[in-house]
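Presented below is the structure to which this report refers.
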Amino acid sequence: MKLSKLAWINSEEIIHRIQNHPFNQDLMNGTLTRDKFIYYIEQDVVYLNDFARCLALLASKAPLKNVRKFLKYADDVFHNEQEVVHQFYHKKFKTPVTGKITQATLSYTAFLFKHCTNDSFEIGLAAILPCFWVYQKIGVYIAKHSVKNNGYARWIETYSSDDFKETVNEVIALFDDLAEKTSEGVKQKMLTVFHTGVCLEWHFWNDAYNQVSFDTI
């Protein structure tokens with residue numbers, strides 16, 4: 001069994017909870033309130049700034065043939081997701097940013113920097129893979145079941161697109177290729193880090209939906 005399949009199976013319960021989270025169900029039905037969505041977008045801007053930096057960090061550790069791909073991934077995150085999706089919705093809804101940050105946003109970005117800075121390329125890759133893979137699967141699921149004329153169609157199209165799927169498949173293939181060449185100890189750590197990343201994905205959506213802030217007790 002490929003390591004990516006095992007990683008997915010190990011985290012499937014959490015992924016199912018993400019799929020059925022009120023945020024994604026409401027988004028799919030077009031009933032998600034604007035304030036919740038914009039708060040999520042605000043957190044995502046913070047997160048993706050650091051996610052792009054972590055992809056650049058991984059590019060410096062990547063096998064030579066993969067360096068350009070990871071730099072391209074970082075560039076795509078910044079331009080395609082931030083400039084297209086995020087600015088689009090801020091202009092559309094004309095909603096001011098709050099300046100707040102959730103506990104999950106802080107935890108997730110710290111987790112990424114820790115593994116992409118201090119650990120091997122294999123472990124760093126395991127840390128960033130959930131963001132790619134889970135979003136693609138959730139995007140496809142929502143696109144398949146979305147109501148017509150959904151006000152969040154631009155977001156749905158971004159994460160269910162063939163271009164995004166191609167990128168995700170590239171990252172998964174690299175994950176499996178590296179897993180075949182590394183030790184059992186590294187494989188186990190890749191699985192553990194992947195699962196933690198999936199758990200942080202759930203917390204990210206949950207904190208945004210409930211509009212929590214790290215300085216709120």
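As shown in the structure tokens, the chain order sets the letters A, B, ...; within each chain, residues go from 1, and ligands are also counted from 1 in the order they appear.
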
Could you pull out the helix (DSSP H, G or I) residues of chain A from DSSP and send them as a PyMOL selection string?
chain A and resi 3-19+22-29+34-61+64-93+103-118+121-145+153-160+162-181+184-210

Distance table requested - stretch 130-212 of chain A against stretch 39-60 of chain A, cut-off 9 Å, only C-alpha atoms: one row per qualifying residue with the closest atom pair and its distance in Å to one decimal, ordered by chain and rising residue number, as a Markdown table.
| residue | atom | partner | partner_atom | distance |
| --- | --- | --- | --- | --- |
| A:Phe204 | CA | A:Gln43 | CA | 8.4 |
| A:Trp205 | CA | A:Tyr40 | CA | 7.4 |
| A:Asp207 | CA | A:Tyr40 | CA | 8.4 |
| A:Ala208 | CA | A:Tyr40 | CA | 4.8 |
| A:Tyr209 | CA | A:Tyr40 | CA | 7.1 |
| A:Gln211 | CA | A:Tyr39 | CA | 6.7 |

Could you dump the residues just selected with N, CA and C atoms as a CSV table (one decimal), in the first residue's frame?
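Saved as part_16.csv:
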chain,number,residue,atom,x,y,z
A,204,PHE,N,-9.0,24.7,12.0
A,204,PHE,CA,-9.0,25.9,11.2
A,204,PHE,C,-10.4,26.3,10.8
A,205,TRP,N,-11.1,25.4,10.2
A,205,TRP,CA,-12.5,25.6,9.8
A,205,TRP,C,-13.4,25.9,11.0
A,207,ASP,N,-12.6,27.0,14.0
A,207,ASP,CA,-12.4,28.4,14.7
A,207,ASP,C,-12.9,29.5,13.8
A,208,ALA,N,-12.8,29.4,12.5
A,208,ALA,CA,-13.3,30.4,11.6
A,208,ALA,C,-14.8,30.4,11.7
A,209,TYR,N,-15.5,29.3,11.7
A,209,TYR,CA,-16.9,29.2,11.7
A,209,TYR,C,-17.5,29.8,13.0
A,211,GLN,N,-15.8,32.0,14.8
A,211,GLN,CA,-15.2,33.3,14.9
A,211,GLN,C,-14.5,33.6,16.2

Need to verify the contact set: A:Lys114, 10 Å, only C-alpha atoms, exclusion of same-chain residues closer than 6 positions in sequence. Can you return it as an MDAnalysis selection string?
chainID A and resid 54 108 124 127

Give me the residues near A:Ala143 as a JSON list (two decimals) with N, CA and C atoms, in the first residue's frame, where near means some atom within 9 Å (using only C-alpha atoms) and where sequence neighbours in that chain fewer than 3 positions away do not count.
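Output contents, as saved in result_15.json:
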[["chain", "number", "residue", "atom", "x", "y", "z"],
["A", 28, "MET", "N", -21.69, 24.81, 0.99],
["A", 28, "MET", "CA", -22.22, 23.99, -0.10],
["A", 28, "MET", "C", -23.66, 24.37, -0.42],
["A", 138, "ILE", "N", -12.41, 18.28, -0.50],
["A", 138, "ILE", "CA", -13.58, 19.02, -0.02],
["A", 138, "ILE", "C", -14.15, 19.88, -1.14],
["A", 139, "GLY", "N", -13.26, 20.50, -1.93],
["A", 139, "GLY", "CA", -13.72, 21.31, -3.05],
["A", 139, "GLY", "C", -14.52, 20.50, -4.06],
["A", 140, "VAL", "N", -14.04, 19.31, -4.39],
["A", 140, "VAL", "CA", -14.75, 18.45, -5.34],
["A", 140, "VAL", "C", -16.08, 17.99, -4.76],
["A", 146, "SER", "N", -23.24, 21.14, -4.59],
["A", 146, "SER", "CA", -23.59, 22.54, -4.38],
["A", 146, "SER", "C", -24.94, 22.91, -5.01],
["A", 147, "VAL", "N", -25.61, 23.84, -4.36],
["A", 147, "VAL", "CA", -26.83, 24.39, -4.94],
["A", 147, "VAL", "C", -26.47, 25.24, -6.16],
["A", 153, "ALA", "N", -19.41, 30.35, -5.40],
["A", 153, "ALA", "CA", -18.96, 29.55, -6.54],
["A", 153, "ALA", "C", -17.50, 29.78, -6.87],
["A", 156, "ILE", "N", -15.44, 27.63, -4.66],
["A", 156, "ILE", "CA", -15.65, 26.23, -5.00],
["A", 156, "ILE", "C", -14.89, 25.87, -6.27],
["A", 157, "GLU", "N", -14.95, 26.73, -7.27],
["A", 157, "GLU", "CA", -14.27, 26.47, -8.54],
["A", 157, "GLU", "C", -12.76, 26.40, -8.36],
["A", 159, "TYR", "N", -10.97, 25.32, -5.79],
["A", 159, "TYR", "CA", -10.48, 24.10, -5.15],
["A", 159, "TYR", "C", -10.99, 22.81, -5.81],
["A", 160, "SER", "N", -11.90, 22.93, -6.76],
["A", 160, "SER", "CA", -12.37, 21.74, -7.47],
["A", 160, "SER", "C", -11.86, 21.71, -8.91]]

Residues near A:Cys199, cut-off 9 Å, only C-alpha atoms, skip fewer than 6 positions along chain, as a list in words
Ser11, Ile14 and Ile15 of chain A

Those same residues, written as a PDB file, in the first residue's frame with N, CA and C atoms?
ATOM      1  N   SER A  11      -6.440   9.067   8.637  1.00  0.00           N
ATOM      2  CA  SER A  11      -7.039  10.368   8.960  1.00  0.00           C
ATOM      3  C   SER A  11      -8.467  10.500   8.448  1.00  0.00           C
ATOM      4  N   ILE A  14     -11.312  12.128  10.584  1.00  0.00           N
ATOM      5  CA  ILE A  14     -11.217  13.577  10.711  1.00  0.00           C
ATOM      6  C   ILE A  14     -11.628  14.255   9.408  1.00  0.00           C
ATOM      7  N   ILE A  15     -11.218  13.691   8.279  1.00  0.00           N
ATOM      8  CA  ILE A  15     -11.581  14.256   6.974  1.00  0.00           C
ATOM      9  C   ILE A  15     -13.094  14.221   6.786  1.00  0.00           C
TER      10      ILE A  15
END
